[in-house]
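Asks: Contents of upload-v1.pdb (PDB, C-alpha atoms) are given next:
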```
MODEL        1
ATOM      1  CA  MET J   1       7.003  31.873  20.420
ATOM      2  CA  SER J   2       3.309  31.080  20.737
ATOM      3  CA  ASP J   3       2.083  27.530  21.218
ATOM      4  CA  ARG J   4       0.632  27.403  17.730
ATOM      5  CA  THR J   5       3.766  28.816  16.122
ATOM      6  CA  PHE J   6       5.878  26.265  17.949
ATOM      7  CA  GLU J   7       3.557  23.437  16.902
ATOM      8  CA  MET J   8       3.725  24.588  13.283
ATOM      9  CA  GLU J   9       7.501  24.704  13.498
ATOM     10  CA  LEU J  10       7.456  21.195  14.925
ATOM     11  CA  GLU J  11       5.233  19.929  12.105
ATOM     12  CA  ARG J  12       7.522  21.601   9.596
ATOM     13  CA  GLN J  13      10.575  19.905  11.058
ATOM     14  CA  PHE J  14       8.831  16.545  11.154
ATOM     15  CA  ALA J  15       7.871  16.985   7.490
ATOM     16  CA  ALA J  16      11.418  17.964   6.507
ATOM     17  CA  ALA J  17      12.860  14.475   6.830
ATOM     18  CA  PRO J  18      16.359  13.974   5.448
ATOM     19  CA  ILE J  19      16.717  11.929   2.258
ATOM     20  CA  LEU J  20      18.437   8.699   3.197
ATOM     21  CA  ALA J  21      21.301   7.483   1.041
ATOM     22  CA  ASP J  22      19.849   4.040   0.325
ATOM     23  CA  THR J  23      16.534   5.268  -1.059
ATOM     24  CA  ASP J  24      16.806   3.232  -4.261
ATOM     25  CA  THR J  25      17.760   0.072  -2.388
ATOM     26  CA  PHE J  26      14.791   0.485  -0.091
ATOM     27  CA  ALA J  27      12.443   0.989  -3.044
ATOM     28  CA  PHE J  28      13.923  -2.080  -4.722
ATOM     29  CA  LEU J  29      13.322  -4.197  -1.608
ATOM     30  CA  VAL J  30       9.705  -3.088  -1.391
ATOM     31  CA  THR J  31       8.991  -3.787  -5.073
ATOM     32  CA  GLN J  32      10.775  -7.128  -4.720
ATOM     33  CA  ARG J  33       8.445  -8.058  -1.862
ATOM     34  CA  LEU J  34       5.495  -6.873  -3.943
ATOM     35  CA  ASP J  35       6.595  -9.052  -6.845
ATOM     36  CA  ARG J  36       7.115 -12.037  -4.552
ATOM     37  CA  GLY J  37       3.635 -11.588  -3.118
ATOM     38  CA  TRP J  38       2.217 -11.244  -6.621
ATOM     39  CA  THR J  39       3.945 -14.405  -7.835
ATOM     40  CA  PHE J  40       2.785 -16.316  -4.771
ATOM     41  CA  ARG J  41      -0.790 -15.199  -5.345
ATOM     42  CA  ARG J  42      -0.698 -16.196  -8.988
ATOM     43  CA  MET J  43       0.688 -19.599  -8.079
ATOM     44  CA  LEU J  44      -1.907 -20.002  -5.353
ATOM     45  CA  ILE J  45      -4.758 -19.024  -7.658
ATOM     46  CA  GLY J  46      -3.368 -21.247 -10.422
ATOM     47  CA  GLY J  47      -2.992 -24.165  -8.024
ATOM     48  CA  LEU J  48      -6.483 -23.718  -6.672
ATOM     49  CA  GLY J  49      -7.753 -23.502 -10.254
ATOM     50  CA  VAL J  50      -6.095 -26.797 -11.163
ATOM     51  CA  VAL J  51      -7.483 -28.492  -8.061
ATOM     52  CA  GLY J  52     -10.926 -27.039  -8.737
ATOM     53  CA  GLY J  53     -10.707 -28.115 -12.373
ATOM     54  CA  LEU J  54      -9.755 -31.659 -11.423
ATOM     55  CA  ILE J  55     -12.582 -31.873  -8.936
ATOM     56  CA  GLY J  56     -14.991 -30.460 -11.508
ATOM     57  CA  ALA J  57     -13.782 -32.881 -14.172
ATOM     58  CA  GLY J  58     -14.192 -35.752 -11.718
ATOM     59  CA  GLN J  59     -17.725 -34.648 -10.954
ATOM     60  CA  ILE J  60     -18.580 -34.377 -14.651
ATOM     61  CA  LEU J  61     -17.209 -37.808 -15.424
ATOM     62  CA  GLY J  62     -18.915 -39.287 -12.393
ATOM     63  CA  SER J  63     -22.295 -37.834 -13.215
ATOM     64  CA  GLY J  64     -22.404 -39.261 -16.760
ATOM     65  CA  LEU J  65     -22.734 -35.799 -18.230
ATOM     66  CA  LEU J  66     -20.604 -36.700 -21.237
ATOM     67  CA  THR J  67     -22.935 -39.526 -22.143
ATOM     68  CA  ARG J  68     -25.920 -37.238 -21.907
ATOM     69  CA  LEU J  69     -24.107 -34.554 -23.935
ATOM     70  CA  ASP J  70     -23.357 -37.143 -26.574
ATOM     71  CA  THR J  71     -27.030 -38.036 -26.755
ATOM     72  CA  ILE J  72     -28.028 -34.381 -27.002
ATOM     73  CA  THR J  73     -25.414 -33.839 -29.680
ATOM     74  CA  ALA J  74     -26.683 -36.766 -31.714
ATOM     75  CA  GLN J  75     -30.252 -35.538 -31.385
ATOM     76  CA  SER J  76     -29.348 -31.977 -32.418
ATOM     77  CA  ASP J  77     -27.300 -33.378 -35.287
ATOM     78  CA  ASP J  78     -30.314 -35.307 -36.541
ATOM     79  CA  LEU J  79     -32.488 -32.241 -36.115
ATOM     80  CA  VAL J  80     -30.119 -30.019 -38.101
ATOM     81  CA  LYS J  81     -29.757 -32.590 -40.845
ATOM     82  CA  SER J  82     -33.486 -33.093 -41.163
ATOM     83  CA  GLY J  83     -34.002 -29.316 -41.209
ATOM     84  CA  ILE J  84     -31.437 -28.815 -43.920
ATOM     85  CA  ALA J  85     -32.856 -31.709 -45.891
ATOM     86  CA  GLY J  86     -36.143 -29.874 -45.929
ATOM     87  CA  LEU J  87     -34.648 -26.836 -47.659
ATOM     88  CA  PRO J  88     -34.125 -27.523 -51.392
ATOM     89  CA  ALA J  89     -31.957 -24.453 -51.954
ATOM     90  CA  VAL J  90     -29.477 -25.441 -49.256
ATOM     91  CA  ARG J  91     -29.403 -29.100 -50.145
ATOM     92  CA  GLY J  92     -27.011 -28.574 -53.035
ATOM     93  CA  LEU J  93     -24.630 -26.505 -50.892
ATOM     94  CA  THR J  94     -24.658 -29.087 -48.128
ATOM     95  CA  ASN J  95     -23.846 -31.809 -50.563
ATOM     96  CA  LEU J  96     -20.998 -29.710 -51.856
ATOM     97  CA  LEU J  97     -19.608 -29.074 -48.347
ATOM     98  CA  SER J  98     -20.034 -32.631 -47.182
ATOM     99  CA  THR J  99     -17.677 -33.805 -49.903
ATOM    100  CA  GLY J 100     -14.723 -32.002 -48.244
ATOM    101  CA  LEU J 101     -15.864 -31.424 -44.649
ATOM    102  CA  SER J 102     -17.788 -33.509 -42.233
ATOM    103  CA  MET J 103     -19.988 -31.046 -40.366
ATOM    104  CA  ASP J 104     -21.522 -32.999 -37.570
ATOM    105  CA  GLY J 105     -22.742 -31.698 -34.179
ATOM    106  CA  GLN J 106     -19.524 -32.333 -32.293
ATOM    107  CA  VAL J 107     -17.571 -30.146 -34.700
ATOM    108  CA  LEU J 108     -20.057 -27.377 -34.134
ATOM    109  CA  TRP J 109     -19.718 -27.677 -30.338
ATOM    110  CA  MET J 110     -15.947 -27.652 -30.531
ATOM    111  CA  SER J 111     -15.894 -24.699 -32.911
ATOM    112  CA  ALA J 112     -18.152 -22.730 -30.629
ATOM    113  CA  GLY J 113     -15.951 -23.579 -27.632
ATOM    114  CA  LEU J 114     -12.784 -22.541 -29.431
ATOM    115  CA  GLY J 115     -14.479 -19.342 -30.529
ATOM    116  CA  VAL J 116     -15.387 -18.464 -26.939
ATOM    117  CA  LEU J 117     -11.821 -19.250 -25.853
ATOM    118  CA  ALA J 118     -10.410 -17.009 -28.583
ATOM    119  CA  VAL J 119     -12.708 -14.149 -27.612
ATOM    120  CA  GLY J 120     -11.703 -14.594 -23.961
ATOM    121  CA  LEU J 121      -8.009 -14.448 -24.819
ATOM    122  CA  PHE J 122      -8.544 -11.397 -26.975
ATOM    123  CA  VAL J 123     -10.447  -9.562 -24.234
ATOM    124  CA  THR J 124      -7.801 -10.470 -21.638
ATOM    125  CA  ARG J 125      -5.054  -9.206 -23.895
ATOM    126  CA  ALA J 126      -6.954  -6.007 -24.635
ATOM    127  CA  ILE J 127      -7.509  -5.314 -20.926
ATOM    128  CA  ARG J 128      -3.815  -5.798 -20.173
ATOM    129  CA  GLU J 129      -2.872  -3.419 -22.951
ATOM    130  CA  LEU J 130      -5.168  -0.658 -21.685
TER     131      LEU J 130
ATOM    132  CA  MET G   1      -0.589   1.275 -19.760
ATOM    133  CA  ALA G   2       3.104   1.027 -18.806
ATOM    134  CA  LEU G   3       5.169   4.218 -18.558
ATOM    135  CA  SER G   4       8.882   4.563 -19.051
ATOM    136  CA  PRO G   5      11.039   5.180 -15.947
ATOM    137  CA  GLN G   6      11.510   8.785 -17.093
ATOM    138  CA  SER G   7       7.775   9.301 -17.356
ATOM    139  CA  LEU G   8       7.245   7.750 -13.943
ATOM    140  CA  ALA G   9       9.885   9.999 -12.417
ATOM    141  CA  SER G  10       8.141  13.109 -13.704
ATOM    142  CA  ALA G  11       4.583  11.981 -12.989
ATOM    143  CA  HIS G  12       2.514  13.504 -10.207
ATOM    144  CA  ASP G  13       1.863  11.420  -7.110
ATOM    145  CA  LEU G  14      -1.841  11.179  -7.885
ATOM    146  CA  ASP G  15      -1.135   9.887 -11.393
ATOM    147  CA  LEU G  16       1.187   7.282  -9.939
ATOM    148  CA  VAL G  17      -1.487   6.315  -7.436
ATOM    149  CA  SER G  18      -3.981   5.872 -10.289
ATOM    150  CA  LEU G  19      -1.535   3.594 -12.073
ATOM    151  CA  ALA G  20      -0.892   1.665  -8.863
ATOM    152  CA  VAL G  21      -4.635   1.199  -8.336
ATOM    153  CA  ALA G  22      -4.683  -0.524 -11.735
ATOM    154  CA  GLY G  23      -1.910  -2.837 -10.510
ATOM    155  CA  GLY G  24       1.082  -0.819 -11.704
ATOM    156  CA  ARG G  25       3.882  -2.003  -9.463
ATOM    157  CA  ASP G  26       6.446   0.165 -11.263
ATOM    158  CA  ALA G  27       4.390   3.258 -10.502
ATOM    159  CA  PHE G  28       4.111   2.208  -6.892
ATOM    160  CA  GLY G  29       7.868   1.630  -6.809
ATOM    161  CA  GLU G  30       8.348   5.250  -7.837
ATOM    162  CA  LEU G  31       6.121   6.343  -4.958
ATOM    163  CA  VAL G  32       8.219   4.252  -2.586
ATOM    164  CA  ARG G  33      11.392   5.825  -3.950
ATOM    165  CA  ARG G  34       9.963   9.306  -3.423
ATOM    166  CA  HIS G  35       8.535   8.867   0.041
ATOM    167  CA  GLY G  36      10.513   6.017   1.562
ATOM    168  CA  SER G  37      12.933   8.274   3.388
ATOM    169  CA  ALA G  38      10.184  10.327   4.982
ATOM    170  CA  VAL G  39       8.370   7.257   6.279
ATOM    171  CA  ARG G  40      11.552   5.658   7.583
ATOM    172  CA  GLY G  41      12.562   8.970   9.126
ATOM    173  CA  LEU G  42       9.279   9.231  10.984
ATOM    174  CA  LEU G  43       9.619   5.726  12.386
ATOM    175  CA  ARG G  44      13.138   6.475  13.561
ATOM    176  CA  ARG G  45      11.908   9.643  15.207
ATOM    177  CA  MET G  46       9.213   7.651  16.953
ATOM    178  CA  GLY G  47      11.970   5.578  18.529
ATOM    179  CA  ALA G  48      12.469   2.627  16.193
ATOM    180  CA  ASP G  49      16.033   1.557  15.524
ATOM    181  CA  PRO G  50      17.043   1.818  11.842
ATOM    182  CA  ALA G  51      16.520  -1.893  11.083
ATOM    183  CA  LEU G  52      13.069  -1.978  12.659
ATOM    184  CA  ALA G  53      12.174   1.322  11.003
ATOM    185  CA  ASP G  54      13.072  -0.136   7.603
ATOM    186  CA  ASP G  55      11.077  -3.316   8.227
ATOM    187  CA  LEU G  56       8.019  -1.426   9.374
ATOM    188  CA  ALA G  57       8.317   1.071   6.534
ATOM    189  CA  GLN G  58       8.340  -1.839   4.067
ATOM    190  CA  ASP G  59       5.274  -3.298   5.773
ATOM    191  CA  ALA G  60       3.595   0.097   5.646
ATOM    192  CA  PHE G  61       4.192   0.443   1.910
ATOM    193  CA  LEU G  62       2.958  -3.091   1.251
ATOM    194  CA  ALA G  63      -0.153  -2.347   3.304
ATOM    195  CA  ALA G  64      -0.548   0.892   1.358
ATOM    196  CA  PHE G  65      -0.413  -1.027  -1.934
ATOM    197  CA  GLU G  66      -3.095  -3.391  -0.674
ATOM    198  CA  GLN G  67      -5.335  -0.514   0.368
ATOM    199  CA  ILE G  68      -4.401   1.950  -2.356
ATOM    200  CA  ALA G  69      -7.907   1.983  -3.798
ATOM    201  CA  ASP G  70      -8.990   3.513  -0.472
ATOM    202  CA  PHE G  71      -6.652   6.489  -0.909
ATOM    203  CA  ARG G  72      -8.957   9.369  -1.794
ATOM    204  CA  GLY G  73      -6.308  12.009  -2.374
ATOM    205  CA  GLU G  74      -7.695  14.175   0.417
ATOM    206  CA  GLY G  75      -4.207  14.566   1.858
ATOM    207  CA  THR G  76      -0.820  13.781   0.395
ATOM    208  CA  PHE G  77       0.200  10.223  -0.352
ATOM    209  CA  GLN G  78       3.167  10.627   1.970
ATOM    210  CA  ALA G  79       0.961  11.681   4.885
ATOM    211  CA  TRP G  80      -1.309   8.708   4.219
ATOM    212  CA  VAL G  81       1.548   6.198   4.307
ATOM    213  CA  LYS G  82       3.014   7.896   7.367
ATOM    214  CA  ARG G  83      -0.224   7.339   9.210
ATOM    215  CA  ILE G  84      -0.182   3.668   8.260
ATOM    216  CA  ALA G  85       3.449   3.366   9.352
ATOM    217  CA  ALA G  86       2.863   5.185  12.636
ATOM    218  CA  ARG G  87      -0.015   2.870  13.472
ATOM    219  CA  LEU G  88       2.093  -0.171  12.609
ATOM    220  CA  TYR G  89       4.825   1.046  14.943
ATOM    221  CA  VAL G  90       2.357   1.576  17.774
ATOM    222  CA  LYS G  91       0.921  -1.874  17.175
ATOM    223  CA  ARG G  92       4.393  -3.405  17.350
ATOM    224  CA  TRP G  93       5.200  -1.359  20.397
ATOM    225  CA  ARG G  94       2.079  -2.506  22.194
ATOM    226  CA  ARG G  95       2.696  -6.096  21.185
ATOM    227  CA  ASP G  96       6.157  -5.946  22.658
ATOM    228  CA  SER G  97       4.619  -4.596  25.863
ATOM    229  CA  ARG G  98       6.917  -1.643  25.868
ATOM    230  CA  LEU G  99       4.058   0.778  26.145
ATOM    231  CA  ASP G 100       3.102   1.865  29.616
ATOM    232  CA  LEU G 101       1.027   4.951  29.170
ATOM    233  CA  MET G 102       0.152   5.214  32.825
ATOM    234  CA  ALA G 103       3.768   5.234  33.969
ATOM    235  CA  GLU G 104       5.196   8.491  35.160
ATOM    236  CA  PRO G 105       7.567   9.836  32.549
ATOM    237  CA  PRO G 106      11.199   9.380  33.460
ATOM    238  CA  SER G 107      13.452  12.334  33.880
ATOM    239  CA  PRO G 108      15.165  13.171  30.642
ATOM    240  CA  ASP G 109      18.655  11.758  30.266
ATOM    241  CA  VAL G 110      19.922  15.162  29.386
ATOM    242  CA  GLU G 111      18.517  18.258  30.972
ATOM    243  CA  PRO G 112      17.635  21.069  28.616
ATOM    244  CA  SER G 113      20.840  22.926  28.017
ATOM    245  CA  LEU G 114      20.888  26.650  27.575
ATOM    246  CA  GLY G 115      24.607  27.205  27.703
ATOM    247  CA  GLU G 116      26.544  30.377  27.135
ATOM    248  CA  ASN G 117      27.191  29.775  23.482
ATOM    249  CA  GLY G 118      23.792  29.855  21.801
ATOM    250  CA  ALA G 119      25.028  28.505  18.469
ATOM    251  CA  ALA G 120      26.526  25.480  20.162
ATOM    252  CA  ASP G 121      23.176  24.768  21.780
ATOM    253  CA  ARG G 122      21.283  24.573  18.564
ATOM    254  CA  LEU G 123      19.451  21.314  18.665
ATOM    255  CA  ASP G 124      17.649  19.703  15.854
ATOM    256  CA  LEU G 125      14.432  17.798  16.227
ATOM    257  CA  ASP G 126      16.124  14.397  16.311
ATOM    258  CA  GLU G 127      18.298  15.348  19.224
ATOM    259  CA  ALA G 128      15.453  17.028  21.046
ATOM    260  CA  LEU G 129      13.241  13.959  20.668
ATOM    261  CA  ARG G 130      15.870  11.860  22.415
ATOM    262  CA  SER G 131      15.296  13.858  25.561
ATOM    263  CA  LEU G 132      11.689  12.647  25.763
ATOM    264  CA  GLY G 133      10.460   9.548  27.502
ATOM    265  CA  PRO G 134       9.428   6.765  25.095
ATOM    266  CA  THR G 135       5.729   7.347  25.579
ATOM    267  CA  GLU G 136       6.001  11.102  25.165
ATOM    268  CA  ARG G 137       8.091  10.585  22.085
ATOM    269  CA  VAL G 138       5.541   8.275  20.502
ATOM    270  CA  CYS G 139       2.632  10.545  21.400
ATOM    271  CA  VAL G 140       4.326  13.677  20.033
ATOM    272  CA  SER G 141       5.509  11.870  16.886
ATOM    273  CA  LEU G 142       2.075  10.401  16.241
ATOM    274  CA  CYS G 143       0.402  13.789  16.442
ATOM    275  CA  TYR G 144       2.985  16.042  14.791
ATOM    276  CA  GLY G 145       4.788  13.584  12.507
ATOM    277  CA  GLY G 146       2.077  11.018  11.783
ATOM    278  CA  GLY G 147      -0.641  13.608  11.439
ATOM    279  CA  LEU G 148      -3.016  11.908  13.853
ATOM    280  CA  SER G 149      -5.359  13.943  16.006
ATOM    281  CA  HIS G 150      -5.169  13.429  19.760
ATOM    282  CA  ALA G 151      -8.314  11.315  19.566
ATOM    283  CA  GLU G 152      -6.893   9.172  16.758
ATOM    284  CA  ALA G 153      -3.647   8.741  18.683
ATOM    285  CA  ALA G 154      -5.595   7.699  21.765
ATOM    286  CA  LEU G 155      -7.469   5.163  19.666
ATOM    287  CA  ALA G 156      -4.257   3.806  18.142
ATOM    288  CA  LEU G 157      -2.623   3.594  21.551
ATOM    289  CA  ASN G 158      -5.772   2.231  23.168
ATOM    290  CA  ALA G 159      -5.378   4.839  25.875
ATOM    291  CA  PRO G 160      -7.629   7.493  27.397
ATOM    292  CA  LEU G 161      -7.668  10.744  25.469
ATOM    293  CA  GLY G 162      -6.672  12.728  28.558
ATOM    294  CA  THR G 163      -3.610  10.567  29.110
ATOM    295  CA  VAL G 164      -2.458  11.063  25.541
ATOM    296  CA  LYS G 165      -2.991  14.807  25.796
ATOM    297  CA  SER G 166      -0.893  14.903  28.987
ATOM    298  CA  HIS G 167       1.960  13.029  27.333
ATOM    299  CA  VAL G 168       1.819  15.328  24.322
ATOM    300  CA  LYS G 169       1.774  18.413  26.542
ATOM    301  CA  ARG G 170       4.751  17.242  28.595
ATOM    302  CA  GLY G 171       6.596  16.258  25.458
ATOM    303  CA  LEU G 172       5.962  19.612  23.826
ATOM    304  CA  ASP G 173       7.170  21.461  26.927
ATOM    305  CA  LYS G 174      10.419  19.514  26.886
ATOM    306  CA  LEU G 175      10.898  19.999  23.157
ATOM    307  CA  ARG G 176      10.220  23.695  23.464
ATOM    308  CA  ALA G 177      12.812  23.973  26.207
ATOM    309  CA  ARG G 178      15.410  22.214  24.097
ATOM    310  CA  MET G 179      14.592  23.815  20.793
ATOM    311  CA  ALA G 180      13.990  27.344  22.030
ATOM    312  CA  PRO G 181      17.575  28.571  21.621
ATOM    313  CA  ARG G 182      17.559  27.624  17.976
ATOM    314  CA  SER G 183      14.189  29.228  17.316
ATOM    315  CA  ALA G 184      15.191  32.365  19.157
ATOM    316  CA  LEU G 185      18.356  32.665  17.097
ATOM    317  CA  GLU G 186      16.499  32.176  13.863
ATOM    318  CA  ASP G 187      13.765  34.634  14.773
ATOM    319  CA  PRO G 188      15.215  37.693  16.552
ATOM    320  CA  GLU G 189      11.761  39.216  16.843
ATOM    321  CA  SER G 190      10.581  36.254  18.859
ATOM    322  CA  ALA G 191      13.753  36.354  20.897
ATOM    323  CA  ALA G 192      12.954  39.865  21.965
ATOM    324  CA  HIS G 193       9.721  38.618  23.538
ATOM    325  CA  VAL G 194      11.274  35.613  25.264
TER     326      VAL G 194
ENDMDL
END
```
Can you present the structure in this file as C-alpha cells?
Replies:
Amino acid sequence: MSDRTFEMELERQFAAAPILADTDTFAFLVTQRLDRGWTFRRMLIGGLGVVGGLIGAGQILGSGLLTRLDTITAQSDDLVKSGIAGLPAVRGLTNLLSTGLSMDGQVLWMSAGLGVLAVGLFVTRAIREL
Amino acid sequence: MALSPQSLASAHDLDLVSLAVAGGRDAFGELVRRHGSAVRGLLRRMGADPALADDLAQDAFLAAFEQIADFRGEGTFQAWVKRIAARLYVKRWRRDSRLDLMAEPPSPDVEPSLGENGAADRLDLDEALRSLGPTERVCVSLCYGGGLSHAEAALALNAPLGTVKSHVKRGLDKLRARMAPRSALEDPESAAHV
C-alpha cells in the first residue's frame, strides 16, 4: 500500500467515528450550557442597564435638567398657543377640543415618548418574528 | 424563524448554521446531536479519557457557537468543530505539561503483532493508536483526524515543524505496521505486492 493510499485510509477511519449511545444526552448538556450562558448574559446586561439607568437618572436630577425642560415646555406651550390663536380657522376647533381635553406641552412630550416606545416594541417584536 | 424538531432534523448543516448565526440555539443543538460523537471520538483517539473528551467537546461546541459567524462553509461543519476541539485538547495538554515534544518516543507497549492467524490480528484504528507514544498519537490525530496541516499542528503545539513531521512519520510507520494485516486482507491486490 502506497504512503498516500495508507494516509487516505487513515483519514477515512478517523472520519468514520462510531456513534456514541448518549448522543442526545450530550446534545442536551451542550444546549443547557448555552441556555445558562444566555440567561447569565441577559441578566448581566439587564443589571448593567439598571445600574446605568440609575446613574443616568441621578445625573439628570443633579444637573437640573428637569427644571430646564419644564421651562422649555412652558415656553413651547406658550408659543403653540399663541400660534394657534393667530389662526381664526383653527380657533374654533381648539376651543372645541379644550372643553374635553387639556392639550398642554407636557401631554405632547409624553405622547411623543410613548409613541417612540410603541414603535420600538413593535420593531423588536418584528425582528424576533423574522 | 423557529423550525419544528422534524424540520431541524431534516435540514442541511449549512441551513442549521445560518439559523444558529441568527441565535437559533435549537438549530445549533441539532448540529451538536449530529456531530457530537465524531468530535468526542476524535478527542478520545487523541488520548483524552472519556470524561475529559466530553468536557472538551462541550467546550469546543460552545466555542463554535460563539464563533459561528466565522464559519464560511469552506469545509464541513464537523471538520471545523473538530479543529477547534483538537486545538483545545492540545492547549489543555500543554497546560498540564504532559507534552514533551523533544523526548524520544517510548517503545510501544505492544509490539506490532503479525501472528499466524491474520483475521485475529485485525486491528482497528483505536487499538493501533494505543501503540503510539502520547506525542506521536497527538501529532497523527491532529493531522489525520483534526485536519490540520503539519504547519498548523506545529503552530498549535508550539513546536518546530521538523519535530512534528518526525513524530507524524514515526507514528504513521507504527500504525502501518499494526494495521497492515487488516488492509492486506481487505485488499488482496495490495497484499500481492506486500
Asks: Do you know which residues the PyMOL selection byres ((chain G and resi 37) around 9) returns on this file, as a list in words?
Replies: Ala17, Pro18, Ile19, Leu20, Ala21, Asp22, Thr23 and Phe26 of chain J; Val32, Arg33, Arg34, His35, Gly36, Ala38, Val39, Arg40, Gly41 and Leu42 of chain G
Asks: What residues come out when you apply the PyMOL selection byres ((chain J) within 10 of (chain G)) to this file, written as JSON, numbers by chain?
Replies: {"J": [1, 2, 3, 6, 7, 8, 9, 10, 11, 12, 13, 14, 15, 16, 17, 18, 19, 20, 21, 22, 23, 24, 25, 26, 27, 28, 29, 30, 31, 32, 33, 34, 35, 37, 38, 127, 128, 129, 130]}
Asks: So, counting only C-alpha atoms, which residue among G:Gly133, G:Leu142, G:Glu152, G:Gly24 is closest to Lys174 in chain G?
Replies: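 Smallest separation from Lys174 in chain G among the options: G:Gly133.
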Asks: Check what the PyMOL selection byres ((chain G and resi 159-161) around 12) selects in the file above and give those residues as a ChimeraX atom specification.
Replies: /G:90,94,99-102,135,139,149-158,162-168
Asks: Nearest to Gly47 in chain G among G:Leu8, G:Val21, G:Ala86, G:Val138, with distances taken over all atoms listed in the file: which residue is it?
Replies: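 Going through G:Leu8, G:Val21, G:Ala86, G:Val138 one by one, the smallest distance to Gly47 in chain G is for G:Val138.
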Asks: Could you tell me how far CA of Arg95 in chain G sits from CA of Ala53 in chain G, in Å to one decimal place?
Replies: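 These two atoms are separated by 15.8 Å.
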Asks: Go ahead and compute the interatomic distance for CA of Thr73 in chain J and CA of Leu61 in chain J, in Å to one decimal.
Replies: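 Computing the Euclidean distance for CA of Thr73 in chain J and CA of Leu61 in chain J yields 16.9 Å.
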Asks: Just need the box for range 114-122 of chain J, edges along x, y and z, holding every atom the file lists for it with 6 Å tacked onto each side, so centre and edge lengths in Å to one decimal, as AutoDock Vina command-line options.
Replies:
```
--center_x -11.7 --center_y -17.0 --center_z -27.2 --size_x 19.4 --size_y 23.1 --size_z 18.6
```
